[in-house]
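Q: Quick one, final21.cif (mmCIF, N, CA and C atoms):
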```cif
data_model
#
loop_
_atom_site.label_atom_id
_atom_site.label_comp_id
_atom_site.auth_asym_id
_atom_site.auth_seq_id
_atom_site.Cartn_x
_atom_site.Cartn_y
_atom_site.Cartn_z
N MET Z 822 107.92 119.02 89.38
CA MET Z 822 107.91 118.61 90.77
C MET Z 822 109.10 119.22 91.51
N ARG Z 823 110.23 119.19 90.84
CA ARG Z 823 111.43 119.74 91.47
C ARG Z 823 111.26 121.23 91.77
N ALA Z 824 110.63 121.95 90.84
CA ALA Z 824 110.40 123.38 91.05
C ALA Z 824 109.51 123.63 92.26
N GLY Z 825 108.69 122.65 92.59
CA GLY Z 825 107.84 122.75 93.77
C GLY Z 825 108.53 122.33 95.05
N GLY Z 826 109.81 121.95 94.97
CA GLY Z 826 110.58 121.60 96.16
C GLY Z 826 110.68 120.11 96.45
N ILE Z 827 110.14 119.28 95.58
CA ILE Z 827 110.21 117.84 95.80
C ILE Z 827 111.58 117.33 95.38
N THR Z 828 112.22 116.55 96.27
CA THR Z 828 113.56 116.06 95.99
C THR Z 828 113.64 114.54 95.89
N ILE Z 829 112.55 113.85 96.21
CA ILE Z 829 112.51 112.40 96.11
C ILE Z 829 111.06 111.97 95.90
N LEU Z 830 110.85 110.93 95.10
CA LEU Z 830 109.51 110.42 94.84
C LEU Z 830 109.30 109.11 95.57
N SER Z 831 108.11 108.90 96.04
CA SER Z 831 107.72 107.62 96.61
C SER Z 831 106.44 107.20 95.89
N THR Z 832 106.44 105.99 95.35
CA THR Z 832 105.27 105.56 94.60
C THR Z 832 105.01 104.07 94.80
N TYR Z 833 103.74 103.72 94.79
CA TYR Z 833 103.33 102.32 94.84
C TYR Z 833 103.38 101.70 93.45
N VAL Z 834 103.48 100.39 93.41
CA VAL Z 834 103.23 99.62 92.20
C VAL Z 834 101.98 98.82 92.51
N PHE Z 835 100.86 99.26 91.96
CA PHE Z 835 99.57 98.64 92.27
C PHE Z 835 99.37 97.38 91.44
N TRP Z 836 99.30 96.26 92.10
CA TRP Z 836 99.12 94.95 91.46
C TRP Z 836 97.87 94.94 90.60
N ILE Z 837 96.79 95.52 91.10
CA ILE Z 837 95.50 95.50 90.39
C ILE Z 837 95.60 96.14 89.00
N HIS Z 838 96.52 97.08 88.82
CA HIS Z 838 96.65 97.76 87.53
C HIS Z 838 97.52 96.98 86.54
N HIS Z 839 98.32 96.06 87.02
CA HIS Z 839 99.26 95.36 86.15
C HIS Z 839 98.86 93.93 85.82
N GLU Z 840 98.00 93.33 86.63
CA GLU Z 840 97.53 91.96 86.36
C GLU Z 840 96.02 91.91 86.58
N GLU Z 841 95.30 92.58 85.70
CA GLU Z 841 93.85 92.61 85.82
C GLU Z 841 93.24 91.23 85.64
N GLU Z 842 93.85 90.43 84.79
CA GLU Z 842 93.45 89.03 84.60
C GLU Z 842 94.63 88.17 85.01
N GLU Z 843 94.36 87.10 85.72
CA GLU Z 843 95.43 86.25 86.21
C GLU Z 843 96.36 85.80 85.07
N GLY Z 844 97.64 86.06 85.25
CA GLY Z 844 98.64 85.65 84.28
C GLY Z 844 98.81 86.56 83.08
N HIS Z 845 98.01 87.61 82.99
CA HIS Z 845 98.10 88.57 81.88
C HIS Z 845 98.61 89.90 82.41
N TRP Z 846 99.86 90.20 82.11
CA TRP Z 846 100.51 91.39 82.66
C TRP Z 846 100.43 92.54 81.68
N ASN Z 847 100.26 93.74 82.21
CA ASN Z 847 100.20 94.94 81.39
C ASN Z 847 101.17 95.98 81.95
N TRP Z 848 102.24 96.21 81.21
CA TRP Z 848 103.25 97.20 81.59
C TRP Z 848 103.36 98.26 80.50
N GLU Z 849 102.29 98.49 79.76
CA GLU Z 849 102.31 99.41 78.62
C GLU Z 849 101.71 100.77 79.01
N GLY Z 850 101.98 101.76 78.18
CA GLY Z 850 101.38 103.09 78.35
C GLY Z 850 101.65 103.68 79.72
N ASN Z 851 100.59 104.15 80.37
CA ASN Z 851 100.73 104.76 81.70
C ASN Z 851 101.14 103.76 82.77
N ARG Z 852 101.19 102.50 82.42
CA ARG Z 852 101.58 101.45 83.38
C ARG Z 852 103.04 101.03 83.19
N ASN Z 853 103.77 101.73 82.36
CA ASN Z 853 105.14 101.37 82.01
C ASN Z 853 106.09 101.80 83.13
N LEU Z 854 106.30 100.91 84.06
CA LEU Z 854 107.14 101.20 85.22
C LEU Z 854 108.59 101.45 84.80
N ARG Z 855 109.10 100.66 83.87
CA ARG Z 855 110.48 100.85 83.42
C ARG Z 855 110.69 102.26 82.86
N LYS Z 856 109.78 102.71 82.01
CA LYS Z 856 109.90 104.06 81.43
C LYS Z 856 109.85 105.13 82.52
N PHE Z 857 108.96 104.95 83.48
CA PHE Z 857 108.86 105.89 84.59
C PHE Z 857 110.19 105.98 85.35
N MET Z 858 110.76 104.79 85.65
CA MET Z 858 112.01 104.77 86.40
C MET Z 858 113.16 105.36 85.58
N GLU Z 859 113.18 105.09 84.29
CA GLU Z 859 114.21 105.65 83.42
C GLU Z 859 114.10 107.17 83.36
N THR Z 860 112.88 107.69 83.29
CA THR Z 860 112.66 109.14 83.29
C THR Z 860 113.14 109.76 84.59
N CYS Z 861 112.83 109.11 85.71
CA CYS Z 861 113.30 109.61 87.01
C CYS Z 861 114.83 109.62 87.06
N LEU Z 862 115.46 108.60 86.52
CA LEU Z 862 116.92 108.54 86.50
C LEU Z 862 117.49 109.67 85.64
N GLU Z 863 116.91 109.87 84.47
CA GLU Z 863 117.35 110.96 83.58
C GLU Z 863 117.23 112.32 84.27
N GLU Z 864 116.19 112.48 85.06
CA GLU Z 864 115.95 113.75 85.77
C GLU Z 864 116.67 113.81 87.11
N GLN Z 865 117.43 112.78 87.41
CA GLN Z 865 118.17 112.68 88.68
C GLN Z 865 117.23 112.87 89.88
N MET Z 866 116.09 112.19 89.78
CA MET Z 866 115.11 112.23 90.85
C MET Z 866 115.06 110.86 91.52
N PRO Z 867 115.55 110.73 92.75
CA PRO Z 867 115.51 109.44 93.44
C PRO Z 867 114.07 108.97 93.64
N VAL Z 868 113.91 107.64 93.66
CA VAL Z 868 112.58 107.04 93.78
C VAL Z 868 112.60 105.98 94.87
N VAL Z 869 111.60 106.00 95.73
CA VAL Z 869 111.33 104.90 96.65
C VAL Z 869 110.17 104.14 96.03
N LEU Z 870 110.47 102.94 95.53
CA LEU Z 870 109.47 102.13 94.86
C LEU Z 870 108.84 101.20 95.87
N ARG Z 871 107.56 101.35 96.08
CA ARG Z 871 106.85 100.58 97.11
C ARG Z 871 106.12 99.42 96.46
N ILE Z 872 106.80 98.27 96.44
CA ILE Z 872 106.26 97.06 95.84
C ILE Z 872 105.71 96.18 96.95
N GLY Z 873 104.52 95.79 96.80
CA GLY Z 873 103.95 94.90 97.81
C GLY Z 873 102.59 94.42 97.36
N SER Z 874 102.18 93.36 97.91
CA SER Z 874 100.88 92.85 97.47
C SER Z 874 99.74 93.74 97.93
N PHE Z 875 99.87 94.42 99.05
CA PHE Z 875 98.83 95.30 99.56
C PHE Z 875 99.37 96.71 99.65
N CYS Z 876 98.59 97.67 99.19
CA CYS Z 876 99.00 99.07 99.22
C CYS Z 876 97.93 99.90 99.92
N HIS Z 877 98.35 100.80 100.76
CA HIS Z 877 97.40 101.65 101.47
C HIS Z 877 97.06 102.91 100.67
N GLY Z 878 97.33 102.90 99.37
CA GLY Z 878 96.98 104.04 98.53
C GLY Z 878 95.49 104.02 98.22
N GLU Z 879 95.05 105.05 97.55
CA GLU Z 879 93.63 105.17 97.22
C GLU Z 879 93.35 104.32 95.98
N VAL Z 880 93.22 103.02 96.20
CA VAL Z 880 92.96 102.09 95.11
C VAL Z 880 92.03 100.99 95.61
N TYR Z 881 91.20 100.51 94.73
CA TYR Z 881 90.22 99.48 95.05
C TYR Z 881 90.88 98.26 95.68
N GLN Z 882 90.33 97.78 96.77
CA GLN Z 882 90.75 96.56 97.47
C GLN Z 882 92.21 96.57 97.91
N GLY Z 883 92.76 97.75 98.14
CA GLY Z 883 94.15 97.82 98.56
C GLY Z 883 95.12 97.39 97.48
N GLY Z 884 94.67 97.37 96.25
CA GLY Z 884 95.53 97.01 95.12
C GLY Z 884 95.49 95.55 94.73
N PHE Z 885 94.75 94.73 95.47
CA PHE Z 885 94.64 93.32 95.08
C PHE Z 885 93.80 93.21 93.81
N PRO Z 886 94.23 92.39 92.85
CA PRO Z 886 93.40 92.19 91.65
C PRO Z 886 92.07 91.53 92.01
N VAL Z 887 91.05 91.83 91.23
CA VAL Z 887 89.73 91.26 91.46
C VAL Z 887 89.78 89.73 91.41
N TRP Z 888 90.54 89.18 90.46
CA TRP Z 888 90.61 87.72 90.33
C TRP Z 888 91.15 87.08 91.61
N LEU Z 889 92.08 87.76 92.29
CA LEU Z 889 92.64 87.21 93.52
C LEU Z 889 91.62 87.29 94.66
N ALA Z 890 90.92 88.40 94.73
CA ALA Z 890 89.87 88.53 95.76
C ALA Z 890 88.78 87.48 95.54
N ASP Z 891 88.47 87.19 94.27
CA ASP Z 891 87.48 86.15 93.97
C ASP Z 891 87.97 84.78 94.45
N LYS Z 892 89.26 84.50 94.24
CA LYS Z 892 89.81 83.23 94.71
C LYS Z 892 89.78 83.16 96.24
N ALA Z 893 90.04 84.28 96.89
CA ALA Z 893 90.01 84.31 98.36
C ALA Z 893 88.59 84.03 98.87
N GLN Z 894 87.60 84.48 98.14
CA GLN Z 894 86.20 84.21 98.51
C GLN Z 894 85.86 82.74 98.34
N SER Z 895 86.31 82.15 97.23
CA SER Z 895 85.94 80.76 96.93
C SER Z 895 86.82 79.73 97.62
N ASP Z 896 88.07 80.10 97.96
CA ASP Z 896 88.99 79.16 98.59
C ASP Z 896 89.86 79.87 99.63
N PRO Z 897 89.25 80.27 100.75
CA PRO Z 897 90.00 81.03 101.76
C PRO Z 897 91.17 80.26 102.37
N GLN Z 898 91.12 78.94 102.35
CA GLN Z 898 92.24 78.15 102.89
C GLN Z 898 93.51 78.43 102.10
N GLN Z 899 93.39 78.54 100.79
CA GLN Z 899 94.55 78.71 99.92
C GLN Z 899 94.85 80.17 99.58
N TYR Z 900 93.84 81.04 99.60
CA TYR Z 900 94.01 82.39 99.07
C TYR Z 900 93.61 83.52 100.02
N LYS Z 901 93.53 83.25 101.30
CA LYS Z 901 93.16 84.32 102.23
C LYS Z 901 94.11 85.50 102.05
N LEU Z 902 93.52 86.66 101.77
CA LEU Z 902 94.32 87.86 101.52
C LEU Z 902 95.07 88.30 102.77
N ARG Z 903 96.26 88.81 102.57
CA ARG Z 903 97.11 89.32 103.64
C ARG Z 903 97.39 88.24 104.69
N SER Z 904 97.69 87.04 104.22
CA SER Z 904 97.98 85.93 105.11
C SER Z 904 99.16 85.13 104.56
N GLU Z 905 99.46 84.04 105.21
CA GLU Z 905 100.51 83.15 104.72
C GLU Z 905 99.92 81.94 103.99
N ALA Z 906 98.68 82.06 103.54
CA ALA Z 906 98.05 80.99 102.78
C ALA Z 906 98.87 80.72 101.51
N LYS Z 907 99.06 79.45 101.19
CA LYS Z 907 99.97 79.06 100.11
C LYS Z 907 99.64 79.70 98.77
N GLY Z 908 98.40 79.70 98.37
CA GLY Z 908 98.01 80.28 97.09
C GLY Z 908 98.26 81.78 97.05
N PHE Z 909 97.91 82.45 98.14
CA PHE Z 909 98.14 83.89 98.22
C PHE Z 909 99.63 84.21 98.17
N MET Z 910 100.43 83.47 98.92
CA MET Z 910 101.88 83.71 98.94
C MET Z 910 102.49 83.46 97.56
N ALA Z 911 102.04 82.41 96.88
CA ALA Z 911 102.56 82.10 95.54
C ALA Z 911 102.20 83.22 94.56
N ALA Z 912 100.95 83.69 94.60
CA ALA Z 912 100.53 84.76 93.71
C ALA Z 912 101.30 86.04 94.00
N GLY Z 913 101.48 86.37 95.28
CA GLY Z 913 102.23 87.57 95.65
C GLY Z 913 103.68 87.49 95.25
N THR Z 914 104.26 86.31 95.36
CA THR Z 914 105.66 86.12 94.94
C THR Z 914 105.78 86.32 93.44
N THR Z 915 104.84 85.81 92.68
CA THR Z 915 104.85 85.99 91.23
C THR Z 915 104.78 87.47 90.89
N PHE Z 916 103.91 88.21 91.59
CA PHE Z 916 103.80 89.66 91.36
C PHE Z 916 105.13 90.35 91.62
N CYS Z 917 105.71 90.10 92.77
CA CYS Z 917 106.97 90.77 93.12
C CYS Z 917 108.10 90.37 92.17
N ASP Z 918 108.15 89.11 91.77
CA ASP Z 918 109.17 88.66 90.82
C ASP Z 918 108.98 89.34 89.47
N THR Z 919 107.74 89.56 89.06
CA THR Z 919 107.46 90.19 87.78
C THR Z 919 107.90 91.64 87.78
N VAL Z 920 107.74 92.32 88.90
CA VAL Z 920 108.14 93.73 89.00
C VAL Z 920 109.66 93.87 88.88
N GLU Z 921 110.39 92.91 89.41
CA GLU Z 921 111.84 92.98 89.32
C GLU Z 921 112.26 92.99 87.89
#
```
How does this structure look as structure tokens?

A:
Amino acid sequence: MRAGGITILSTYVFWIHHEEEEGHWNWEGNRNLRKFMETCLEEQMPVVLRIGSFCHGEVYQGGFPVWLADKAQSDPQQYKLRSEAKGFMAAGTTFCDTVE
């Protein structure tokens, strides 16, 4: 990447890829964020890590896990996506805390 002139990386952390099932986190293999960040540090490549419940990248449902979208369908009062609904906010907080 550096040979191509890139001097900084910007990447999303897609929730849908790390918590496919509620409460079951996967940070292994190609999903190993820590290893990615360590490699970038070793290569002295700065990273802008874009953590958020919704991502405008090319990913299904904006990166929301299917289980969360299902909850939003069945209980929109508590889980309305991209809102301040209590269930949605709690789930999003758990995601962001897990990434830290």

Q: May I ask for the distance between CA of Glu921 in chain Z and CA of Gly844 in chain Z, given in Å to one decimal place?

A: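 So the answer is 15.9 Å.
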
Q: Excluding range 851-858 of chain Z and residues on its chain fewer than 2 positions from it, collect all residues at most 8 Å away from it, counting only C-alpha atoms, and give them as a PyMOL selection string.

A: chain Z and resi 838-839+847-849+860-862+868

Q: How far is it from CA of Phe885 in chain Z to CA of Met866 in chain Z, in Å with one decimal?

A: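 If I compute the distance from CA of Phe885 in chain Z to CA of Met866 in chain Z, I get 28.2 Å.
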
Q: Here is a test: counting all atoms listed in the file, which residue of Z:Met910, Z:Ile829, Z:Val920, Z:Ala893 is nearest to Pro867 in chain Z?

A: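 Ranking Z:Met910, Z:Ile829, Z:Val920, Z:Ala893 by distance to Pro867 in chain Z, first place goes to Z:Ile829.
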
Q: Give me every strand (DSSP E or B) residue in chain Z, going by DSSP on the backbone, as a list in words.

A: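 Answer for chain Z, restricted to strand (DSSP E or B): Leu830, Ser831, Thr832, Tyr833, Val834, Glu842, His845, Val868, Val869, Leu870, Arg871 and Ile872 of chain Z.
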
Q: Could you tell me how far atom N of Gly825 in chain Z lies from atom N of Gly873 in chain Z, in Å and to one decimal?

A: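 Computing it gives 27.5 Å between the two atoms.
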
Q: Have a look at Z:Ala824, Z:Val834, Z:Ala906, Z:Leu889 and name the one nearest to Phe875 in chain Z; count all atoms listed in the file.

A: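 Under the stated criterion, the closest residue is Z:Val834.
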
Q: Enumerate, as a list in words, the residues matched when the PyMOL selection byres (((chain Z and resi 871 and name CA) around 9) and name CA) is run on the file above.

A: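 With the shown file as input, the PyMOL selection byres (((chain Z and resi 871 and name CA) around 9) and name CA) matches Ser831, Thr832, Tyr833, Val834, Phe835, Val869, Leu870, Ile872, Gly873 and Cys876 of chain Z.
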
Q: Go through the shown structure with the PyMOL selection byres (((chain Z and resi 909 and name CA) around 12) and name CA) and write out the matching residues as a PyMOL selection string.

A: chain Z and resi 874-875+885-886+888-894+896-908+910-916
